[in-house]
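**Q** Quick one: the structure is below, questions incoming.
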Amino acid sequence: MNLGIHTPATFTPEADTSTPDSGKKSAIYRSPLRYPGGKQKAIEKISKAFPRGRVKEFREPLAGGASVYFHARKEDFADAYWINDAFKELVSFWKTVQNHASCNRLIDELESLRNSFQSPEEIKDYFLK
């Protein structure tokens with residue numbers, strides 16, 4: 001399912017500009033999702049397989065948490081970006097966060113849900129039932 005994320009992207013990740021090892025400042029874009037099979041830890045190896053120079057389009061067939069997409073955007077790798085996934089709920093999430101109003105509603109709902117619990121253990125029990 002095509003998510004239709006393309007330039008100009010309406011979802012801009014927040015950058016973590018600190019690096020714990022060196023103390024140097026460098027933009028690190030991270031997915032808001034911790035996704036099973038995620039590629040965040042392997043992004044440096046994966047990016048070495050990118051063609052050299054700028055390309056016309058970047059297409060990711062199985063976006064998942066979209067770590068490769070965020071890295072490609074950070075590197076300004078392509079003129080246009082497309083991410084896709086077969087998991088409908090995940091597609092719904094990415095479409096939601098592209099829209100500012102719906103993203104804010106999602107944030108509000110998640111904050112309300114989190115505040116309804118008394119402890120991290122209660123949250124874990126709720127989601128693992």
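Labels used: A, B, ... for chains in the order of the structure tokens, numbers from 1 for residues in each chain, and numbers from 1 for ligands as shown.
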Can you list, as number ranges by chain, every protein, DNA or RNA residue that comes within 9 Å of Tyr35 (chain A) when you count only C-alpha atoms, leaving out same-chain residues fewer than 3 positions away?
**A** A: 31, 38-39, 64-66
**Q** Which neighbours of Asp76 (chain A) fall inside 10 Å, counting only C-alpha atoms, when residues of the same chain fewer than 6 positions from it are skipped, and could you give them as a list in words?
**A**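 My reading of the contact set: Gly53, Arg54, Val55 and Phe70 of chain A.
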**Q** When you look at Ile107 (chain A) with a cut-off of 12 Å (counting only C-alpha atoms), what residues show up, excluding the ones that are within fewer than 6 positions of it in the same chain? I need them as a list in words.
**A**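 Result of the neighbour search: Pro32, Phe93, Thr96, Val97, His100, Ala101, Leu113 and Arg114 of chain A.
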**Q** Could you turn the residues from that selection into a file that holds N, CA and C atoms, as a compact mmCIF listing (two decimals), in the first residue's frame?
**A**
```txt
# COMPACT_ATOMS: atom_id res chain seq x y z
N PRO A 32 9.61 7.46 15.07
CA PRO A 32 8.88 7.50 16.34
C PRO A 32 8.46 6.10 16.78
N PHE A 93 -1.10 4.71 10.47
CA PHE A 93 -0.29 5.53 11.37
C PHE A 93 0.49 6.58 10.58
N THR A 96 -1.66 9.29 9.29
CA THR A 96 -2.12 10.15 10.39
C THR A 96 -1.06 11.17 10.76
N VAL A 97 0.19 10.75 10.90
CA VAL A 97 1.22 11.69 11.34
C VAL A 97 1.64 12.68 10.25
N HIS A 100 -1.05 17.47 10.22
CA HIS A 100 -0.77 18.14 11.50
C HIS A 100 -1.93 18.00 12.49
N ALA A 101 -3.14 18.23 12.06
CA ALA A 101 -4.30 18.18 12.97
C ALA A 101 -4.53 16.76 13.48
N LEU A 113 -4.37 8.40 27.32
CA LEU A 113 -4.29 6.98 27.66
C LEU A 113 -3.16 6.74 28.65
N ARG A 114 -1.99 7.31 28.38
CA ARG A 114 -0.85 7.12 29.28
C ARG A 114 -1.16 7.67 30.67
```
**Q** Could you tell me how far CA of Arg30 (chain A) lies from CA of Glu60 (chain A), in Å and to one decimal?
**A**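 These atoms are spaced 16.0 Å apart.
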**Q** Excluding Phe77 (chain A) and residues on its chain fewer than 4 positions from it, collect all residues at most 12 Å away from it, counting only C-alpha atoms, and give them as a ChimeraX atom specification.
**A** /A:7,47,50-59,68-73,81
**Q** Taking the backbone alone, and naming residues the way the document does, which bits of region 69-127 of chain A are strand (DSSP E) by DSSP, as a list in words?
**A**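 Selection result, strand (DSSP E) within region 69-127 of chain A: Ala78, Asp79, Ala80, Tyr81, Trp82 and Ile83 of chain A.
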**Q** Save the residues we just selected, C-alpha atoms, as a PDB file, in the first residue's frame?
**A**
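again-v1.pdb written:
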```
ATOM      1  CA  ALA A  78      16.514  12.179  -3.595  1.00  0.00           C
ATOM      2  CA  ASP A  79      14.204  14.626  -5.303  1.00  0.00           C
ATOM      3  CA  ALA A  80      11.117  12.586  -4.301  1.00  0.00           C
ATOM      4  CA  TYR A  81      10.422   9.985  -1.612  1.00  0.00           C
ATOM      5  CA  TRP A  82       7.882   7.151  -1.532  1.00  0.00           C
ATOM      6  CA  ILE A  83       7.401   4.696   1.296  1.00  0.00           C
TER       7      ILE A  83
END
```
**Q** Between A:Glu44, A:Ser102, A:Asn115, A:Leu62, which is the closest to Glu75 (chain A) once you count only C-alpha atoms?
**A** A:Glu44
**Q** One decimal, in Å: what's the spacing between CA of Ala86 (chain A) and CA of Pro61 (chain A)?
**A** 8.7 Å
**Q** Go ahead and compute the interatomic distance for CA of Asp125 (chain A) and CA of Phe87 (chain A), in Å to one decimal.
**A**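 Calculated distance between CA of Asp125 (chain A) and CA of Phe87 (chain A) is 24.5 Å.
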